[in-house]
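J.: Sharing data_35.cif here; it has mmCIF, C-alpha atoms and all ligand atoms.
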data_entry
loop_
_atom_site.label_atom_id
_atom_site.label_comp_id
_atom_site.auth_asym_id
_atom_site.auth_seq_id
_atom_site.Cartn_x
_atom_site.Cartn_y
_atom_site.Cartn_z
CA MET A 98 2.68 -6.94 -8.16
CA PHE A 99 3.38 -3.46 -6.74
CA GLU A 100 0.33 -2.11 -8.55
CA LYS A 101 -1.87 -4.83 -7.03
CA ILE A 102 -0.59 -4.09 -3.52
CA VAL A 103 -1.14 -0.36 -3.87
CA GLY A 104 -4.64 -0.96 -5.25
CA PHE A 105 -5.49 -3.19 -2.32
CA ILE A 106 -4.23 -0.71 0.28
CA LYS A 107 -6.24 2.06 -1.38
CA SER A 108 -9.34 -0.12 -1.20
CA LEU A 109 -8.82 -0.47 2.57
CA TYR A 110 -8.47 3.29 3.08
CA PRO A 111 -10.61 4.84 0.32
CA ALA A 112 -11.14 8.18 2.10
CA GLU A 113 -7.47 9.05 2.65
CA ASN A 114 -5.02 10.45 0.14
CA PRO A 115 -2.19 10.06 0.87
CA VAL A 116 -2.84 6.98 3.00
CA PRO A 117 -0.90 7.50 6.24
CA LEU A 118 1.13 4.72 7.85
CA HIS A 119 -0.66 5.07 11.17
CA ALA A 120 -2.93 8.03 11.93
CA PRO A 121 -4.54 8.55 15.33
CA ARG A 122 -8.35 8.46 15.45
CA PHE A 123 -10.47 10.54 17.83
CA SER A 124 -14.03 9.32 17.59
CA GLY A 125 -15.06 9.21 21.26
CA ASN A 126 -15.10 11.57 24.23
CA GLU A 127 -11.65 13.11 23.61
CA LYS A 128 -12.95 16.67 23.09
CA LYS A 129 -15.39 16.45 25.97
CA TYR A 130 -12.75 15.30 28.45
CA LEU A 131 -10.25 17.89 27.21
CA MET A 132 -12.82 20.64 27.64
CA ASP A 133 -13.44 19.34 31.14
CA CYS A 134 -9.73 19.72 31.96
CA ILE A 135 -9.78 23.31 30.73
CA ASP A 136 -13.06 24.21 32.41
CA THR A 137 -11.89 22.84 35.75
CA THR A 138 -8.32 24.22 35.23
CA TYR A 139 -6.94 20.74 36.02
CA VAL A 140 -4.66 20.59 33.00
CA SER A 141 -1.45 19.53 34.69
CA TYR A 142 -0.43 17.03 37.36
CA VAL A 143 -3.56 17.25 39.48
CA GLY A 144 -6.84 15.86 38.21
CA GLN A 145 -8.95 12.75 38.00
CA TYR A 146 -7.97 11.54 34.54
CA VAL A 147 -4.47 10.36 35.40
CA SER A 148 -5.56 7.86 38.03
CA ARG A 149 -8.56 6.88 35.93
CA PHE A 150 -6.27 6.16 32.97
CA GLU A 151 -3.97 4.13 35.21
CA ASP A 152 -6.99 2.11 36.37
CA GLU A 153 -8.02 1.44 32.77
CA ILE A 154 -4.55 0.15 31.95
CA ARG A 155 -4.46 -2.02 35.07
CA GLN A 156 -7.80 -3.53 34.09
CA LEU A 157 -6.80 -4.23 30.50
CA THR A 158 -3.34 -5.62 31.26
CA GLY A 159 -4.04 -7.30 34.58
CA ALA A 160 -0.96 -5.61 36.06
CA LYS A 161 -1.42 -4.87 39.76
CA TYR A 162 0.15 -1.40 39.47
CA ALA A 163 0.37 1.19 36.72
CA VAL A 164 2.21 4.52 36.88
CA ALA A 165 1.48 7.02 34.10
CA VAL A 166 4.45 9.00 32.77
CA SER A 167 5.17 11.55 30.06
CA SER A 168 6.53 9.11 27.45
CA GLY A 169 7.44 5.51 26.80
CA THR A 170 11.08 6.55 26.78
CA ALA A 171 10.73 8.06 30.27
CA ALA A 172 9.05 4.83 31.39
CA LEU A 173 12.03 2.81 30.10
CA HIS A 174 14.49 5.15 31.78
CA VAL A 175 12.79 4.80 35.16
CA ALA A 176 12.28 1.04 34.72
CA LEU A 177 16.04 0.61 34.23
CA LEU A 178 16.69 2.76 37.31
CA LEU A 179 14.30 0.61 39.33
CA ALA A 180 16.12 -2.51 38.14
CA ASP A 181 19.31 -0.93 39.51
CA VAL A 182 21.00 -0.65 36.14
CA SER A 183 24.06 1.47 36.93
CA PRO A 184 26.87 3.20 35.04
CA GLY A 185 29.22 0.63 33.50
CA ASP A 186 26.68 -2.20 33.53
CA GLU A 187 25.51 -4.07 30.46
CA VAL A 188 21.91 -4.58 29.34
CA ILE A 189 20.93 -7.23 26.80
CA THR A 190 18.41 -6.13 24.21
CA GLN A 191 17.57 -6.71 20.56
CA PRO A 192 19.14 -4.92 17.57
CA LEU A 193 15.77 -4.61 15.82
CA THR A 194 13.91 -2.01 17.86
CA PHE A 195 13.02 1.65 18.01
CA VAL A 196 16.02 3.68 19.17
CA ALA A 197 14.38 4.59 22.52
CA THR A 198 15.07 1.07 23.86
CA ALA A 199 18.83 1.50 23.45
CA ASN A 200 18.80 5.19 24.37
CA ALA A 201 17.21 4.50 27.75
CA ILE A 202 20.09 2.11 28.47
CA SER A 203 22.52 4.89 27.56
CA TYR A 204 20.71 7.32 29.89
CA ARG A 205 21.88 5.01 32.71
CA SER A 206 25.44 5.16 31.28
CA ALA A 207 25.13 1.42 30.67
CA GLN A 208 26.09 -0.48 27.52
CA PRO A 209 23.55 -2.26 25.34
CA VAL A 210 24.48 -5.76 24.15
CA PHE A 211 22.58 -6.86 21.07
CA VAL A 212 21.34 -10.45 20.74
CA ASP A 213 19.68 -11.52 17.48
CA VAL A 214 15.93 -11.70 16.95
CA GLU A 215 13.95 -14.65 15.56
CA ARG A 216 11.91 -14.59 12.36
CA SER A 217 8.76 -16.03 13.94
CA THR A 218 8.29 -13.22 16.50
CA LEU A 219 10.66 -10.47 15.19
CA GLY A 220 11.76 -10.19 18.85
CA LEU A 221 14.66 -11.36 21.01
CA ASP A 222 15.49 -15.00 20.22
CA PRO A 223 15.54 -17.09 23.45
CA ASP A 224 17.86 -19.67 21.86
CA GLU A 225 20.36 -16.99 20.87
CA LEU A 226 20.07 -15.49 24.34
CA ASN A 227 20.76 -18.86 25.91
CA ASP A 228 23.81 -19.44 23.67
CA PHE A 229 25.09 -15.95 24.42
CA LEU A 230 24.84 -16.47 28.18
CA ILE A 231 26.40 -19.95 28.02
CA SER A 232 29.47 -18.52 26.30
CA ASN A 233 29.59 -15.10 27.97
CA GLY A 234 27.72 -15.16 31.27
CA ILE A 235 29.07 -16.17 34.65
CA LEU A 236 27.33 -16.06 38.03
CA LYS A 237 29.57 -14.53 40.67
CA LEU A 238 29.52 -14.71 44.46
CA ASP A 239 27.31 -11.61 44.73
CA GLY A 240 24.62 -13.69 43.02
CA ARG A 241 24.68 -11.63 39.83
CA CYS A 242 25.60 -12.43 36.26
CA TYR A 243 28.74 -10.92 34.73
CA ASN A 244 30.07 -10.86 31.20
CA LYS A 245 33.18 -13.07 31.19
CA ILE A 246 34.73 -11.11 28.36
CA THR A 247 34.14 -7.51 29.45
CA GLY A 248 33.90 -8.11 33.21
CA ARG A 249 30.77 -5.97 33.40
CA LYS A 250 27.61 -6.89 35.23
CA ILE A 251 24.72 -7.93 32.98
CA ALA A 252 22.19 -5.91 34.93
CA ALA A 253 19.02 -6.42 32.92
CA CYS A 254 17.46 -7.84 29.77
CA VAL A 255 15.02 -5.76 27.71
CA PRO A 256 13.06 -7.79 25.15
CA MET A 257 10.71 -5.82 22.90
CA HIS A 258 7.37 -7.00 21.49
CA THR A 259 8.05 -5.94 17.92
CA LEU A 260 5.21 -4.28 16.01
CA GLY A 261 2.86 -5.64 18.69
CA HIS A 262 3.84 -9.31 18.24
CA PRO A 263 4.74 -10.96 21.57
CA VAL A 264 8.22 -12.48 21.98
CA ARG A 265 8.58 -15.94 23.55
CA ILE A 266 8.69 -14.26 26.91
CA ASP A 267 8.23 -17.45 28.96
CA GLN A 268 11.47 -18.86 27.53
CA ILE A 269 13.31 -15.58 28.00
CA ILE A 270 12.21 -15.42 31.63
CA GLU A 271 13.30 -18.98 32.30
CA ILE A 272 16.77 -18.27 30.92
CA CYS A 273 17.16 -14.93 32.70
CA GLN A 274 16.04 -16.42 36.01
CA ARG A 275 18.82 -18.97 35.73
CA TYR A 276 21.30 -16.11 35.38
CA LYS A 277 19.58 -13.78 37.88
CA ILE A 278 18.99 -11.13 35.24
CA PRO A 279 15.95 -8.87 35.82
CA ILE A 280 13.61 -8.41 32.86
CA ILE A 281 12.11 -5.17 31.66
CA GLU A 282 9.60 -5.72 28.86
CA ASP A 283 9.43 -3.00 26.26
CA ALA A 284 5.74 -3.39 25.42
CA ALA A 285 5.55 0.13 23.93
CA GLU A 286 3.92 -1.26 20.78
CA ALA A 287 1.93 -4.03 22.40
CA LEU A 288 -1.10 -2.60 24.19
CA GLY A 289 -3.81 -5.23 23.70
CA SER A 290 -1.35 -8.03 22.80
CA PHE A 291 -1.44 -11.26 24.78
CA TYR A 292 0.87 -14.25 25.09
CA MET A 293 -0.67 -17.46 26.42
CA GLY A 294 -3.63 -15.39 27.55
CA GLN A 295 -1.54 -12.93 29.58
CA HIS A 296 -0.94 -9.34 28.54
CA ALA A 297 2.47 -8.40 27.12
CA GLY A 298 4.53 -6.41 29.59
CA THR A 299 3.24 -8.23 32.67
CA PHE A 300 5.62 -11.22 32.60
CA GLY A 301 8.87 -9.53 33.57
CA ASP A 302 9.76 -7.53 36.67
CA ILE A 303 8.61 -4.31 35.00
CA GLY A 304 6.88 -3.54 31.72
CA ILE A 305 6.47 -0.29 29.84
CA LEU A 306 3.87 1.03 27.40
CA SER A 307 3.83 4.04 25.08
CA PHE A 308 0.94 6.32 24.10
CA ASN A 309 2.76 8.32 21.45
CA GLY A 310 0.69 9.59 18.50
CA ASN A 311 1.37 6.55 16.32
CA LYS A 312 0.69 3.87 18.95
CA PRO A 313 -2.57 1.85 19.19
CA VAL A 314 -3.84 4.19 21.93
CA THR A 315 -2.53 7.74 22.11
CA THR A 316 -2.48 10.44 24.75
CA GLY A 317 -0.59 12.78 22.40
CA GLY A 318 2.54 11.78 24.26
CA GLY A 319 2.75 9.46 27.21
CA GLY A 320 3.85 6.18 28.70
CA MET A 321 3.14 3.77 31.52
CA ILE A 322 5.18 1.67 33.91
CA ILE A 323 3.39 -1.56 34.80
CA THR A 324 4.40 -4.07 37.48
CA ASN A 325 3.01 -6.51 40.03
CA ASP A 326 5.57 -5.42 42.62
CA GLU A 327 4.16 -2.97 45.14
CA ILE A 328 7.56 -1.61 46.20
CA LEU A 329 8.73 -1.03 42.62
CA ALA A 330 5.44 0.71 41.83
CA ALA A 331 5.78 3.03 44.83
CA LYS A 332 9.37 3.83 43.84
CA ALA A 333 8.26 4.49 40.25
CA ARG A 334 5.61 6.93 41.44
CA HIS A 335 8.07 8.68 43.73
CA LEU A 336 10.88 8.99 41.16
CA THR A 337 8.57 10.24 38.41
CA THR A 338 7.13 13.02 40.61
CA THR A 339 10.45 14.71 41.52
CA ALA A 340 10.88 12.41 44.56
CA LYS A 341 8.77 14.79 46.61
CA GLU A 342 7.72 13.65 50.04
CA PRO A 343 4.00 14.03 50.60
CA HIS A 344 3.36 17.23 52.57
CA PRO A 345 0.64 19.86 52.22
CA TRP A 346 3.06 22.77 51.77
CA GLU A 347 6.72 21.83 52.31
CA PHE A 348 9.00 21.05 49.38
CA VAL A 349 11.06 18.14 50.58
CA HIS A 350 12.69 15.84 48.04
CA ASP A 351 14.68 12.90 49.31
CA GLU A 352 16.64 11.98 46.16
CA VAL A 353 17.21 13.15 42.58
CA GLY A 354 13.83 12.63 40.97
CA TYR A 355 12.35 13.32 37.55
CA ASN A 356 9.51 15.41 36.24
CA TYR A 357 8.01 12.50 34.32
CA ARG A 358 4.38 12.53 35.49
CA MET A 359 1.73 12.39 32.78
CA PRO A 360 -0.34 15.61 32.70
CA ASN A 361 -4.10 15.41 33.17
CA ILE A 362 -4.89 16.66 29.65
CA ASN A 363 -2.91 13.80 28.13
CA ALA A 364 -4.58 11.26 30.41
CA ALA A 365 -8.00 12.72 29.48
CA VAL A 366 -7.38 11.80 25.84
CA GLY A 367 -6.19 8.35 26.96
CA CYS A 368 -9.39 7.75 28.96
CA ALA A 369 -11.51 8.59 25.92
CA GLN A 370 -9.38 6.31 23.72
CA MET A 371 -9.66 3.43 26.18
CA GLU A 372 -13.47 3.60 25.98
CA CYS A 373 -13.08 2.69 22.29
CA PHE A 374 -10.20 0.25 22.66
CA ALA A 375 -12.16 -2.99 22.13
CA GLY A 376 -13.32 -1.60 18.79
CA ILE A 377 -9.81 -0.41 17.89
CA LEU A 378 -8.40 -3.90 18.49
CA GLU A 379 -11.15 -5.64 16.56
CA ASN A 380 -10.69 -3.24 13.65
CA LYS A 381 -6.91 -3.71 13.57
CA ARG A 382 -7.15 -7.48 13.72
CA ALA A 383 -9.74 -7.51 10.93
CA THR A 384 -7.45 -5.34 8.76
CA ALA A 385 -4.56 -7.74 9.38
CA GLN A 386 -6.75 -10.66 8.39
CA MET A 387 -7.64 -9.00 5.10
CA TYR A 388 -3.99 -8.20 4.44
CA ASN A 389 -3.03 -11.77 5.28
CA GLN A 390 -5.49 -13.24 2.82
CA PHE A 391 -4.49 -10.79 0.09
CA PHE A 392 -0.75 -11.36 0.52
CA GLN A 393 -1.22 -15.12 0.61
CA GLU A 394 -2.97 -14.91 -2.74
CA ILE A 395 -0.13 -12.96 -4.35
CA GLY A 396 2.60 -14.95 -2.53
CA VAL A 397 4.22 -12.18 -0.47
CA PRO A 398 5.16 -13.05 3.14
CA PHE A 399 2.99 -11.07 5.57
CA ILE A 400 3.91 -10.93 9.28
CA THR A 401 1.30 -12.79 11.36
CA GLU A 402 0.97 -13.33 15.09
CA PRO A 403 3.36 -15.93 16.55
CA ALA A 404 2.22 -19.22 18.10
CA HIS A 405 0.41 -18.86 21.46
CA ALA A 406 0.03 -15.12 20.88
CA ARG A 407 -2.84 -12.78 20.18
CA SER A 408 -1.35 -9.65 18.63
CA ASN A 409 -2.78 -6.17 18.49
CA TYR A 410 -1.41 -5.94 14.91
CA TRP A 411 -0.22 -2.44 15.71
CA MET A 412 1.81 -2.13 12.52
CA ASN A 413 1.39 -4.49 9.59
CA ALA A 414 4.46 -5.61 7.67
CA ILE A 415 5.54 -7.60 4.64
CA VAL A 416 8.90 -9.13 3.80
CA LEU A 417 10.14 -8.47 0.28
CA LYS A 418 12.76 -10.45 -1.68
CA ASP A 419 15.80 -8.26 -1.12
CA ARG A 420 16.96 -4.71 -0.50
CA LEU A 421 16.51 -3.77 -4.16
CA GLU A 422 12.89 -4.91 -4.29
CA ARG A 423 12.27 -3.09 -1.02
CA GLU A 424 13.71 0.17 -2.40
CA GLN A 425 11.63 -0.18 -5.54
CA PHE A 426 8.45 -0.84 -3.57
CA LEU A 427 9.03 2.07 -1.17
CA ALA A 428 9.56 4.46 -4.08
CA TYR A 429 6.60 3.11 -6.05
CA SER A 430 4.09 3.09 -3.19
CA ARG A 431 5.13 6.52 -1.92
CA GLY A 432 4.76 7.86 -5.47
CA LYS A 433 1.20 6.54 -5.48
CA GLY A 434 0.29 8.25 -2.20
CA ILE A 435 0.72 5.27 0.12
CA GLN A 436 2.92 5.84 3.16
CA THR A 437 5.20 2.84 3.54
CA ARG A 438 8.36 2.62 5.59
CA PRO A 439 11.33 0.32 5.99
CA VAL A 440 11.77 -1.12 9.47
CA TRP A 441 14.24 0.64 11.76
CA ARG A 442 17.94 0.68 11.00
CA LEU A 443 19.49 -1.90 13.35
CA MET A 444 20.86 -0.32 16.53
CA PRO A 445 24.50 -1.39 15.91
CA ASN A 446 24.25 0.31 12.51
CA LEU A 447 23.68 3.67 14.23
CA PRO A 448 26.84 5.66 15.06
CA MET A 449 26.30 5.73 18.84
CA TYR A 450 25.85 1.95 19.09
CA ARG A 451 28.44 0.84 16.51
CA HIS A 452 30.95 -0.19 19.18
CA CYS A 453 28.52 -2.39 21.17
CA GLN A 454 28.90 -6.11 21.66
CA CYS A 455 26.63 -8.16 19.36
CA THR A 456 25.91 -11.78 18.55
CA GLU A 457 25.71 -12.73 14.86
CA LEU A 458 22.73 -10.73 13.66
CA ASN A 459 21.72 -12.74 10.60
CA THR A 460 17.97 -12.67 11.17
CA ALA A 461 17.88 -9.01 12.20
CA GLN A 462 19.97 -8.07 9.17
CA GLY A 463 17.66 -9.94 6.81
CA LEU A 464 14.68 -8.13 8.29
CA GLU A 465 16.42 -4.75 8.20
CA GLU A 466 16.95 -5.20 4.46
CA ARG A 467 13.57 -6.61 3.52
CA LEU A 468 10.82 -5.69 6.00
CA VAL A 469 8.38 -2.95 5.01
CA ASN A 470 5.62 -1.46 7.15
CA ILE A 471 2.34 -0.80 5.40
CA PRO A 472 -0.64 1.39 6.38
CA SER A 473 -2.24 0.16 9.60
CA SER A 474 -4.55 2.89 10.93
CA VAL A 475 -7.97 1.97 12.21
CA ARG A 476 -10.26 1.90 9.15
CA ILE A 477 -13.22 4.27 9.34
C1 LIG A 501 7.35 4.11 20.73
C2 LIG A 501 8.39 3.27 21.34
C3 LIG A 501 9.10 3.66 22.49
C4 LIG A 501 9.08 5.03 23.06
O1 LIG A 501 7.89 5.57 23.34
P1 LIG A 501 7.71 7.17 23.34
O2 LIG A 501 6.40 7.30 24.03
O3 LIG A 501 7.70 7.60 21.92
O4 LIG A 501 8.82 7.76 24.13
C5 LIG A 501 9.98 2.76 23.06
N1 LIG A 501 10.18 1.56 22.54
C6 LIG A 501 9.54 1.15 21.43
C7 LIG A 501 9.82 -0.21 20.92
C8 LIG A 501 8.65 2.00 20.78
O5 LIG A 501 8.06 1.58 19.66
#
Hey, can you dump this file as structure tokens for me?
T.:
Amino acid sequence: MFEKIVGFIKSLYPAENPVPLHAPRFSGNEKKYLMDCIDTTYVSYVGQYVSRFEDEIRQLTGAKYAVAVSSGTAALHVALLLADVSPGDEVITQPLTFVATANAISYRSAQPVFVDVERSTLGLDPDELNDFLISNGILKLDGRCYNKITGRKIAACVPMHTLGHPVRIDQIIEICQRYKIPIIEDAAEALGSFYMGQHAGTFGDIGILSFNGNKPVTTGGGGMIITNDEILAAKARHLTTTAKEPHPWEFVHDEVGYNYRMPNINAAVGCAQMECFAGILENKRATAQMYNQFFQEIGVPFITEPAHARSNYWMNAIVLKDRLEREQFLAYSRGKGIQTRPVWRLMPNLPMYRHCQCTELNTAQGLEERLVNIPSSVRI
């Protein structure tokens, strides 16, 4: 079986040896726009590409406002600040995620609380969330939800659209609204993914995107804060540009801000990538379809888009029988020049998050042991 899988992956990426997990592709105007930055000397925070890139993202996602920042992690950090997540608060998120989701919560000196994911979306399970809040949440007189057991405020909920597959965000929003918990969507992996026809990251109060080198669109490094709330957007822009008051020459800053603005050279690459994005999406979805058919034929579960969702298929994945089979497949495929990777170690299995409150994590644990990511670059 392993031999068949490796043969099939090689047939999808015949020109690459080894076959990378996810390589960026630069087939458009990237060089031209970069040269333009250098020729005009607008390489840093001034220049036309940043606002143009923000416009592109607003158009694609339908978000009213988009603020470009230096990374997805920075976007999460600021999003949590905007949601008023404060030291000593708790933030509900999922155990199966990239570490940045939990780290951003720690940057606010808040505590992550991990609620299990569901198999159908790989993301936060609304039913588990509901059960958790029924047993642990209580609305107090200040109109906010507190954890009955720890006494801490549950200041936000951060669902993540895993591998580009949308969570059941409508259900999550309904539950969180009942408990007055703001929602920040970690859509770092989900550019081009839609749920019920609406772009991932635009359902909650704030959404974030990432443009790291391995994401569906890259700016080298970069991120975006998206929201429909004008005031939050203005605050995001202010906080990410050192909280400087607009003035032609004076340096006046009215609070502790951050140097999180995306530089023009990064945005230039993003603009060029966005010109090709329709093709990128089509290519990725076609690859996933071929994988799906192949894995159906050999009887290996392949992760497909959930109901009511249209996924970007950022990173394709299969679920093997058990940890042993996974280890054997990783070793075999890597030996044959195919980059494969187990999914992330669950957050509460990392030393800095070991002490955090969790629900039973049966589904996340099963996925941690058995899920393997397989090559997913755009095919050339
Ligand atoms: C990539 C990623 C981030 C962080 O983005 P960076 O741009 O690398 O800082 C955050 N959350 C998730 C789920 C990611 O996959």
J.: Could you list, as a PyMOL selection string, all protein and nucleic acid residues with an atom at most 8 Å from ligand LIG 501 (chain A), counting all atoms listed in the file?
T.: chain A and resi 167-173+194-198+257-260+283-286+306-309+311-312+318-320
J.: Once you have the residues from the selection above, write them out as a PDB file, in the coordinates of the input, restricted to C-alpha atoms.
T.:
ATOM      1  CA  SER A 167       5.170  11.550  30.060  1.00  0.00           C
ATOM      2  CA  SER A 168       6.530   9.110  27.450  1.00  0.00           C
ATOM      3  CA  GLY A 169       7.440   5.510  26.800  1.00  0.00           C
ATOM      4  CA  THR A 170      11.080   6.550  26.780  1.00  0.00           C
ATOM      5  CA  ALA A 171      10.730   8.060  30.270  1.00  0.00           C
ATOM      6  CA  ALA A 172       9.050   4.830  31.390  1.00  0.00           C
ATOM      7  CA  LEU A 173      12.030   2.810  30.100  1.00  0.00           C
ATOM      8  CA  THR A 194      13.910  -2.010  17.860  1.00  0.00           C
ATOM      9  CA  PHE A 195      13.020   1.650  18.010  1.00  0.00           C
ATOM     10  CA  VAL A 196      16.020   3.680  19.170  1.00  0.00           C
ATOM     11  CA  ALA A 197      14.380   4.590  22.520  1.00  0.00           C
ATOM     12  CA  THR A 198      15.070   1.070  23.860  1.00  0.00           C
ATOM     13  CA  MET A 257      10.710  -5.820  22.900  1.00  0.00           C
ATOM     14  CA  HIS A 258       7.370  -7.000  21.490  1.00  0.00           C
ATOM     15  CA  THR A 259       8.050  -5.940  17.920  1.00  0.00           C
ATOM     16  CA  LEU A 260       5.210  -4.280  16.010  1.00  0.00           C
ATOM     17  CA  ASP A 283       9.430  -3.000  26.260  1.00  0.00           C
ATOM     18  CA  ALA A 284       5.740  -3.390  25.420  1.00  0.00           C
ATOM     19  CA  ALA A 285       5.550   0.130  23.930  1.00  0.00           C
ATOM     20  CA  GLU A 286       3.920  -1.260  20.780  1.00  0.00           C
ATOM     21  CA  LEU A 306       3.870   1.030  27.400  1.00  0.00           C
ATOM     22  CA  SER A 307       3.830   4.040  25.080  1.00  0.00           C
ATOM     23  CA  PHE A 308       0.940   6.320  24.100  1.00  0.00           C
ATOM     24  CA  ASN A 309       2.760   8.320  21.450  1.00  0.00           C
ATOM     25  CA  ASN A 311       1.370   6.550  16.320  1.00  0.00           C
ATOM     26  CA  LYS A 312       0.690   3.870  18.950  1.00  0.00           C
ATOM     27  CA  GLY A 318       2.540  11.780  24.260  1.00  0.00           C
ATOM     28  CA  GLY A 319       2.750   9.460  27.210  1.00  0.00           C
ATOM     29  CA  GLY A 320       3.850   6.180  28.700  1.00  0.00           C
TER      30      GLY A 320
END
J.: Need to verify the contact set: region 183-192 of chain A, 8 Å, only C-alpha atoms, exclusion of same-chain residues closer than 3 positions in sequence. Can you return it as a ChimeraX atom specification?
T.: /A:178,198-199,202,205-214,220-221,249-257,443-445,458,461
J.: Hey, which of A:Leu226, A:Ala369, A:Ile281, A:Ala406 ends up closest to Val264 (chain A)? Count all atoms listed in the file.
T.: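 Closest to Val264 (chain A), using all atoms listed in the file: A:Ala406.
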J.: Which residues come within 9 Å of region 345-359 of chain A, counting all atoms listed in the file, excluding same-chain residues fewer than 3 positions away, as a list in words?
T.: Ser141, Tyr142, Val147, Val164, Ala165, Val166, Ser167, Ser168, Ala171, Ala172, Val175, Gly318, Gly319, Gly320, Met321, Arg334, His335, Leu336, Thr337, Thr338, Thr339, Ala340, Lys341, Glu342, Ile362, Asn363 and Ala364 of chain A
J.: Find the residue from A:Leu157, A:Ala365, A:Asn413, A:Asn446 that sits nearest to Lys129 (chain A); use all atoms listed in the file when measuring.
T.: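 Once distances to Lys129 (chain A) are computed over all atoms listed in the file, the minimum belongs to A:Ala365.
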J.: Starting from the structure just given, write a file holding region 357-369 of chain A with N, CA, C and O atoms, as a PDB file, in the first residue's frame.
T.:
ATOM      1  N   TYR A 357       4.019  46.205  13.832  1.00  0.00           N
ATOM      2  CA  TYR A 357       3.494  44.995  13.195  1.00  0.00           C
ATOM      3  C   TYR A 357       3.051  45.237  11.753  1.00  0.00           C
ATOM      4  O   TYR A 357       2.439  44.368  11.142  1.00  0.00           O
ATOM      5  N   ARG A 358       3.315  46.418  11.205  1.00  0.00           N
ATOM      6  CA  ARG A 358       2.847  46.711   9.850  1.00  0.00           C
ATOM      7  C   ARG A 358       3.584  45.845   8.832  1.00  0.00           C
ATOM      8  O   ARG A 358       4.785  45.608   8.960  1.00  0.00           O
ATOM      9  N   MET A 359       2.843  45.410   7.816  1.00  0.00           N
ATOM     10  CA  MET A 359       3.471  44.645   6.740  1.00  0.00           C
ATOM     11  C   MET A 359       4.283  45.579   5.850  1.00  0.00           C
ATOM     12  O   MET A 359       3.767  46.596   5.382  1.00  0.00           O
ATOM     13  N   PRO A 360       5.558  45.261   5.588  1.00  0.00           N
ATOM     14  CA  PRO A 360       6.350  46.097   4.670  1.00  0.00           C
ATOM     15  C   PRO A 360       5.872  45.984   3.223  1.00  0.00           C
ATOM     16  O   PRO A 360       5.302  44.971   2.815  1.00  0.00           O
ATOM     17  N   ASN A 361       6.154  47.037   2.468  1.00  0.00           N
ATOM     18  CA  ASN A 361       5.719  47.114   1.068  1.00  0.00           C
ATOM     19  C   ASN A 361       6.265  45.970   0.212  1.00  0.00           C
ATOM     20  O   ASN A 361       5.569  45.471  -0.668  1.00  0.00           O
ATOM     21  N   ILE A 362       7.516  45.550   0.463  1.00  0.00           N
ATOM     22  CA  ILE A 362       8.074  44.477  -0.387  1.00  0.00           C
ATOM     23  C   ILE A 362       7.316  43.162  -0.177  1.00  0.00           C
ATOM     24  O   ILE A 362       7.140  42.395  -1.112  1.00  0.00           O
ATOM     25  N   ASN A 363       6.870  42.920   1.053  1.00  0.00           N
ATOM     26  CA  ASN A 363       6.083  41.709   1.286  1.00  0.00           C
ATOM     27  C   ASN A 363       4.724  41.807   0.596  1.00  0.00           C
ATOM     28  O   ASN A 363       4.270  40.858  -0.050  1.00  0.00           O
ATOM     29  N   ALA A 364       4.101  42.979   0.718  1.00  0.00           N
ATOM     30  CA  ALA A 364       2.791  43.170   0.096  1.00  0.00           C
ATOM     31  C   ALA A 364       2.894  43.074  -1.422  1.00  0.00           C
ATOM     32  O   ALA A 364       1.964  42.586  -2.087  1.00  0.00           O
ATOM     33  N   ALA A 365       4.032  43.515  -1.990  1.00  0.00           N
ATOM     34  CA  ALA A 365       4.221  43.447  -3.445  1.00  0.00           C
ATOM     35  C   ALA A 365       4.127  41.996  -3.917  1.00  0.00           C
ATOM     36  O   ALA A 365       3.461  41.687  -4.915  1.00  0.00           O
ATOM     37  N   VAL A 366       4.773  41.089  -3.174  1.00  0.00           N
ATOM     38  CA  VAL A 366       4.702  39.665  -3.518  1.00  0.00           C
ATOM     39  C   VAL A 366       3.254  39.178  -3.387  1.00  0.00           C
ATOM     40  O   VAL A 366       2.751  38.437  -4.244  1.00  0.00           O
ATOM     41  N   GLY A 367       2.573  39.636  -2.338  1.00  0.00           N
ATOM     42  CA  GLY A 367       1.178  39.242  -2.121  1.00  0.00           C
ATOM     43  C   GLY A 367       0.276  39.690  -3.264  1.00  0.00           C
ATOM     44  O   GLY A 367      -0.600  38.941  -3.696  1.00  0.00           O
ATOM     45  N   CYS A 368       0.485  40.908  -3.762  1.00  0.00           N
ATOM     46  CA  CYS A 368      -0.329  41.414  -4.879  1.00  0.00           C
ATOM     47  C   CYS A 368      -0.148  40.535  -6.110  1.00  0.00           C
ATOM     48  O   CYS A 368      -1.118  40.187  -6.795  1.00  0.00           O
ATOM     49  N   ALA A 369       1.101  40.161  -6.378  1.00  0.00           N
ATOM     50  CA  ALA A 369       1.368  39.310  -7.539  1.00  0.00           C
ATOM     51  C   ALA A 369       0.716  37.940  -7.350  1.00  0.00           C
ATOM     52  O   ALA A 369       0.131  37.379  -8.288  1.00  0.00           O
TER      53      ALA A 369
END
